[in-house]
Amino acid sequence: MLRVTKLTDYATVVLTALAARPEVVLSATELAEYAGLEATTVSKLLKPLAQAKLVEGLRGVRGGYRLTRCAGDITLIEIVEAMEGPLAITECSHEQSQCGIADQCGVRSNWRLINDVVADALRGVTLAQMLHPLPLPIADRRRSIDVSVVS
């Protein structure tokens, strides 16, 4: 199964909590409360997010965290790479591949293409967009229709 880690998912939740309150500096404890996460987990997330310059920490009595840029200028690829490093769906789709059969592999170019498509999709979604839930996909809407009303 292909999925982002739980910490990356939680990082997105924490960043959306900050994005929803751009004028406020929030402590790690407040962020944990808004995000519904443990304070220790939030503290663990804030370090790589700060290193990636997605959030900044402010010291002092009114200290805490805030986004370094507008939520519309932060993309999901930045969040994923802050938490997990460069996107690589397979070993051979990474620039510094350590795969022993990369030179004779017949599928490497296809995996690199897929990797690029996924990266482009993540570049196309901003943190600001993550603040708003999407409508249910058509297949899910069909399942939720009451058949007795249609007949």
# chains A, B, ... in the order shown; residues from 1 in each chain; ligands from 1
call {"tool": "closest_atom_pairs", "arguments": {"of": "region 54-110 of chain A", "to": "region 128-133 of chain A", "cutoff": "10 Å", "atoms": "only C-alpha atoms", "output": "CSV"}}
result
residue,atom,partner,partner_atom,distance
A:Cys70,CA,A:Ala128,CA,8.2
A:Ala71,CA,A:Ala128,CA,4.8
A:Gly72,CA,A:Ala128,CA,4.9
A:Asp73,CA,A:Ala128,CA,8.1
A:Ile74,CA,A:Ala128,CA,7.9
A:Thr75,CA,A:Ala128,CA,8.7
A:Leu76,CA,A:Met130,CA,9.0
call {"tool": "residues_around", "arguments": {"residues": "region 104-116 of chain A", "least_positions_apart": "2", "cutoff": "10 Å", "atoms": "only C-alpha atoms", "output": "list in words"}}
result
Leu87, Ala88, Ile89, Thr90, Glu91, Cys92, Ser93, His94, Glu95, Cys99, Gly100, Ile101, Ala102, Val118, Ala119, Asp120, Ala121 and Leu122 of chain A
call {"tool": "write_last_selection", "arguments": {"atoms": "N, CA, C and O atoms", "output": "compact mmCIF listing (two decimals), in the first residue's frame"}}
result
# COMPACT_ATOMS: atom_id res chain seq x y z
N LEU A 87 10.46 12.95 -2.46
CA LEU A 87 9.47 11.96 -2.86
C LEU A 87 10.11 10.91 -3.76
O LEU A 87 10.77 11.25 -4.74
N ALA A 88 9.94 9.65 -3.41
CA ALA A 88 10.43 8.55 -4.22
C ALA A 88 9.50 7.36 -4.00
O ALA A 88 9.54 6.72 -2.95
N ILE A 89 8.67 7.08 -4.99
CA ILE A 89 7.71 5.98 -4.88
C ILE A 89 8.43 4.64 -4.85
O ILE A 89 8.04 3.74 -4.13
N THR A 90 9.49 4.53 -5.62
CA THR A 90 10.34 3.34 -5.59
C THR A 90 11.78 3.79 -5.43
O THR A 90 12.09 4.97 -5.62
N GLU A 91 12.66 2.87 -5.13
CA GLU A 91 14.08 3.20 -5.00
C GLU A 91 14.61 3.82 -6.29
O GLU A 91 15.34 4.79 -6.27
N CYS A 92 14.20 3.28 -7.43
CA CYS A 92 14.75 3.76 -8.70
C CYS A 92 14.15 5.09 -9.14
O CYS A 92 14.66 5.72 -10.05
N SER A 93 13.08 5.54 -8.50
CA SER A 93 12.50 6.82 -8.90
C SER A 93 13.17 8.00 -8.19
O SER A 93 12.88 9.15 -8.47
N HIS A 94 14.11 7.70 -7.29
CA HIS A 94 14.86 8.73 -6.57
C HIS A 94 16.11 9.08 -7.37
O HIS A 94 16.70 8.21 -8.02
N GLU A 95 16.51 10.33 -7.35
CA GLU A 95 17.68 10.78 -8.11
C GLU A 95 18.96 10.00 -7.73
O GLU A 95 19.75 9.66 -8.58
N CYS A 99 19.57 1.30 -6.29
CA CYS A 99 19.10 0.03 -6.82
C CYS A 99 20.20 -0.63 -7.65
O CYS A 99 20.78 -0.01 -8.54
N GLY A 100 20.46 -1.92 -7.38
CA GLY A 100 21.50 -2.65 -8.07
C GLY A 100 21.19 -3.01 -9.51
O GLY A 100 22.09 -3.31 -10.28
N ILE A 101 19.92 -2.99 -9.90
CA ILE A 101 19.56 -3.36 -11.27
C ILE A 101 19.05 -2.16 -12.08
O ILE A 101 18.48 -2.34 -13.16
N ALA A 102 19.24 -0.96 -11.58
CA ALA A 102 18.70 0.24 -12.23
C ALA A 102 19.13 0.37 -13.70
O ALA A 102 18.34 0.77 -14.55
N VAL A 118 2.80 12.02 -9.38
CA VAL A 118 2.39 12.18 -7.98
C VAL A 118 2.96 13.48 -7.41
O VAL A 118 2.25 14.25 -6.74
N ALA A 119 4.22 13.76 -7.68
CA ALA A 119 4.84 15.00 -7.20
C ALA A 119 4.11 16.22 -7.76
O ALA A 119 3.84 17.18 -7.02
N ASP A 120 3.77 16.19 -9.03
CA ASP A 120 3.03 17.31 -9.63
C ASP A 120 1.66 17.48 -8.99
O ASP A 120 1.19 18.60 -8.78
N ALA A 121 0.99 16.36 -8.68
CA ALA A 121 -0.32 16.44 -8.01
C ALA A 121 -0.17 17.09 -6.64
O ALA A 121 -0.98 17.94 -6.25
N LEU A 122 0.87 16.72 -5.90
CA LEU A 122 1.11 17.31 -4.58
C LEU A 122 1.50 18.79 -4.68
O LEU A 122 1.15 19.58 -3.82
call {"tool": "atom_distance", "arguments": {"atom1": "CA of Pro22 (chain A)", "atom2": "CA of Glu81 (chain A)"}}
result
22.5 Å
call {"tool": "select_by_dssp", "arguments": {"residues": "chain A", "states": "strand (DSSP E or B)", "output": "mmCIF file with N, CA and C atoms, in the first residue's frame"}}
result
data_model
loop_
_atom_site.group_PDB
_atom_site.id
_atom_site.type_symbol
_atom_site.label_atom_id
_atom_site.label_comp_id
_atom_site.auth_asym_id
_atom_site.auth_seq_id
_atom_site.Cartn_x
_atom_site.Cartn_y
_atom_site.Cartn_z
ATOM 1 N N LEU A 26 0.402 30.442 17.969
ATOM 2 C CA LEU A 26 -0.124 29.374 18.821
ATOM 3 C C LEU A 26 1.003 28.566 19.457
ATOM 4 N N VAL A 55 7.134 26.647 9.243
ATOM 5 C CA VAL A 55 6.679 27.346 10.441
ATOM 6 C C VAL A 55 7.886 28.029 11.078
ATOM 7 N N GLU A 56 7.582 29.036 11.888
ATOM 8 C CA GLU A 56 8.643 29.657 12.667
ATOM 9 C C GLU A 56 8.202 29.736 14.112
ATOM 10 N N GLY A 57 9.164 29.528 14.987
ATOM 11 C CA GLY A 57 8.903 29.601 16.414
ATOM 12 C C GLY A 57 9.284 30.971 16.935
ATOM 13 N N LEU A 58 8.417 31.532 17.758
ATOM 14 C CA LEU A 58 8.675 32.830 18.365
ATOM 15 C C LEU A 58 8.811 32.634 19.867
ATOM 16 N N GLY A 64 5.254 31.161 20.434
ATOM 17 C CA GLY A 64 4.518 30.051 19.850
ATOM 18 C C GLY A 64 4.955 29.861 18.412
ATOM 19 N N TYR A 65 4.034 29.397 17.600
ATOM 20 C CA TYR A 65 4.345 29.083 16.207
ATOM 21 C C TYR A 65 3.361 29.747 15.265
ATOM 22 N N ARG A 66 3.858 30.030 14.067
ATOM 23 C CA ARG A 66 3.013 30.535 12.991
ATOM 24 C C ARG A 66 3.624 30.098 11.662
ATOM 25 N N LEU A 67 2.812 30.157 10.630
ATOM 26 C CA LEU A 67 3.304 29.827 9.293
ATOM 27 C C LEU A 67 4.305 30.893 8.848
ATOM 28 N N THR A 75 2.717 24.231 -0.514
ATOM 29 C CA THR A 75 2.127 23.091 -1.220
ATOM 30 C C THR A 75 2.327 21.803 -0.432
ATOM 31 N N THR A 126 -2.559 23.274 -2.359
ATOM 32 C CA THR A 126 -1.979 24.137 -1.331
ATOM 33 C C THR A 126 -2.571 23.837 0.038
#
call {"tool": "closest_residue", "arguments": {"among": "A:Ala32, A:Val61, A:Leu2, A:Val125", "to": "Val14 (chain A)", "atoms": "only C-alpha atoms"}}
result
A:Ala32
call {"tool": "atom_distance", "arguments": {"atom1": "CA of Ile79 (chain A)", "atom2": "CA of Lys53 (chain A)"}}
result
10.2 Å
call {"tool": "atom_distance", "arguments": {"atom1": "CA of Glu33 (chain A)", "atom2": "CA of Lys47 (chain A)"}}
result
18.0 Å
call {"tool": "decode", "arguments": {"residues": "region 27-111 of chain A", "atoms": "C-alpha atoms", "output": "mmCIF file, in the first residue's frame"}}
result
data_model
loop_
_atom_site.group_PDB
_atom_site.id
_atom_site.type_symbol
_atom_site.label_atom_id
_atom_site.label_comp_id
_atom_site.auth_asym_id
_atom_site.auth_seq_id
_atom_site.Cartn_x
_atom_site.Cartn_y
_atom_site.Cartn_z
ATOM 1 C CA SER A 27 1.813 27.391 21.402
ATOM 2 C CA ALA A 28 2.504 23.694 20.824
ATOM 3 C CA THR A 29 -0.113 22.938 23.492
ATOM 4 C CA GLU A 30 -2.730 25.089 21.754
ATOM 5 C CA LEU A 31 -1.885 23.497 18.412
ATOM 6 C CA ALA A 32 -2.282 20.058 19.946
ATOM 7 C CA GLU A 33 -5.681 21.049 21.289
ATOM 8 C CA TYR A 34 -6.886 22.454 17.939
ATOM 9 C CA ALA A 35 -5.509 19.464 16.034
ATOM 10 C CA GLY A 36 -6.760 16.834 18.476
ATOM 11 C CA LEU A 37 -3.259 15.431 18.949
ATOM 12 C CA GLU A 38 -0.945 14.828 21.884
ATOM 13 C CA ALA A 39 1.306 17.781 22.735
ATOM 14 C CA THR A 40 4.394 15.549 22.505
ATOM 15 C CA THR A 41 3.432 14.548 18.956
ATOM 16 C CA VAL A 42 2.930 18.175 17.933
ATOM 17 C CA SER A 43 6.295 19.155 19.419
ATOM 18 C CA LYS A 44 7.919 16.325 17.455
ATOM 19 C CA LEU A 45 6.299 17.588 14.220
ATOM 20 C CA LEU A 46 7.252 21.225 14.681
ATOM 21 C CA LYS A 47 10.998 20.600 14.484
ATOM 22 C CA PRO A 48 11.140 19.297 10.871
ATOM 23 C CA LEU A 49 8.456 21.809 9.836
ATOM 24 C CA ALA A 50 10.611 24.629 11.210
ATOM 25 C CA GLN A 51 13.744 23.200 9.566
ATOM 26 C CA ALA A 52 11.866 23.219 6.249
ATOM 27 C CA LYS A 53 10.905 26.855 6.937
ATOM 28 C CA LEU A 54 7.177 26.100 6.868
ATOM 29 C CA VAL A 55 6.679 27.346 10.441
ATOM 30 C CA GLU A 56 8.643 29.657 12.667
ATOM 31 C CA GLY A 57 8.903 29.601 16.414
ATOM 32 C CA LEU A 58 8.675 32.830 18.365
ATOM 33 C CA ARG A 59 10.110 33.052 21.882
ATOM 34 C CA GLY A 60 8.822 34.968 24.841
ATOM 35 C CA VAL A 61 5.610 35.405 26.790
ATOM 36 C CA ARG A 62 3.523 35.563 23.632
ATOM 37 C CA GLY A 63 5.665 32.968 21.895
ATOM 38 C CA GLY A 64 4.518 30.051 19.850
ATOM 39 C CA TYR A 65 4.345 29.083 16.207
ATOM 40 C CA ARG A 66 3.013 30.535 12.991
ATOM 41 C CA LEU A 67 3.304 29.827 9.293
ATOM 42 C CA THR A 68 6.248 31.459 7.549
ATOM 43 C CA ARG A 69 4.162 32.126 4.433
ATOM 44 C CA CYS A 70 0.565 32.415 3.370
ATOM 45 C CA ALA A 71 -1.197 29.021 3.335
ATOM 46 C CA GLY A 72 -1.871 29.512 -0.376
ATOM 47 C CA ASP A 73 1.879 29.542 -0.999
ATOM 48 C CA ILE A 74 2.634 26.256 0.808
ATOM 49 C CA THR A 75 2.127 23.091 -1.220
ATOM 50 C CA LEU A 76 1.622 19.533 -0.078
ATOM 51 C CA ILE A 77 4.876 18.438 -1.709
ATOM 52 C CA GLU A 78 6.705 20.784 0.669
ATOM 53 C CA ILE A 79 4.967 19.229 3.664
ATOM 54 C CA VAL A 80 5.618 15.653 2.505
ATOM 55 C CA GLU A 81 9.269 16.386 1.772
ATOM 56 C CA ALA A 82 9.720 18.226 5.086
ATOM 57 C CA MET A 83 8.570 15.131 6.932
ATOM 58 C CA GLU A 84 9.802 12.297 4.704
ATOM 59 C CA GLY A 85 12.537 13.659 2.463
ATOM 60 C CA PRO A 86 12.436 13.767 -1.323
ATOM 61 C CA LEU A 87 9.466 11.955 -2.861
ATOM 62 C CA ALA A 88 10.431 8.546 -4.223
ATOM 63 C CA ILE A 89 7.710 5.983 -4.879
ATOM 64 C CA THR A 90 10.336 3.336 -5.594
ATOM 65 C CA GLU A 91 14.076 3.204 -4.996
ATOM 66 C CA CYS A 92 14.751 3.762 -8.695
ATOM 67 C CA SER A 93 12.503 6.823 -8.897
ATOM 68 C CA HIS A 94 14.860 8.729 -6.573
ATOM 69 C CA GLU A 95 17.683 10.777 -8.112
ATOM 70 C CA GLN A 96 20.355 9.029 -5.990
ATOM 71 C CA SER A 97 19.053 5.528 -6.610
ATOM 72 C CA GLN A 98 20.822 2.718 -4.767
ATOM 73 C CA CYS A 99 19.103 0.033 -6.823
ATOM 74 C CA GLY A 100 21.502 -2.652 -8.067
ATOM 75 C CA ILE A 101 19.561 -3.357 -11.273
ATOM 76 C CA ALA A 102 18.698 0.239 -12.234
ATOM 77 C CA ASP A 103 20.880 0.193 -15.368
ATOM 78 C CA GLN A 104 19.134 -2.816 -16.922
ATOM 79 C CA CYS A 105 15.670 -2.279 -15.450
ATOM 80 C CA GLY A 106 12.845 -2.095 -17.973
ATOM 81 C CA VAL A 107 10.347 -0.368 -15.674
ATOM 82 C CA ARG A 108 12.515 2.366 -14.150
ATOM 83 C CA SER A 109 11.388 5.067 -16.599
ATOM 84 C CA ASN A 110 7.748 4.219 -15.925
ATOM 85 C CA TRP A 111 8.223 4.470 -12.147
#
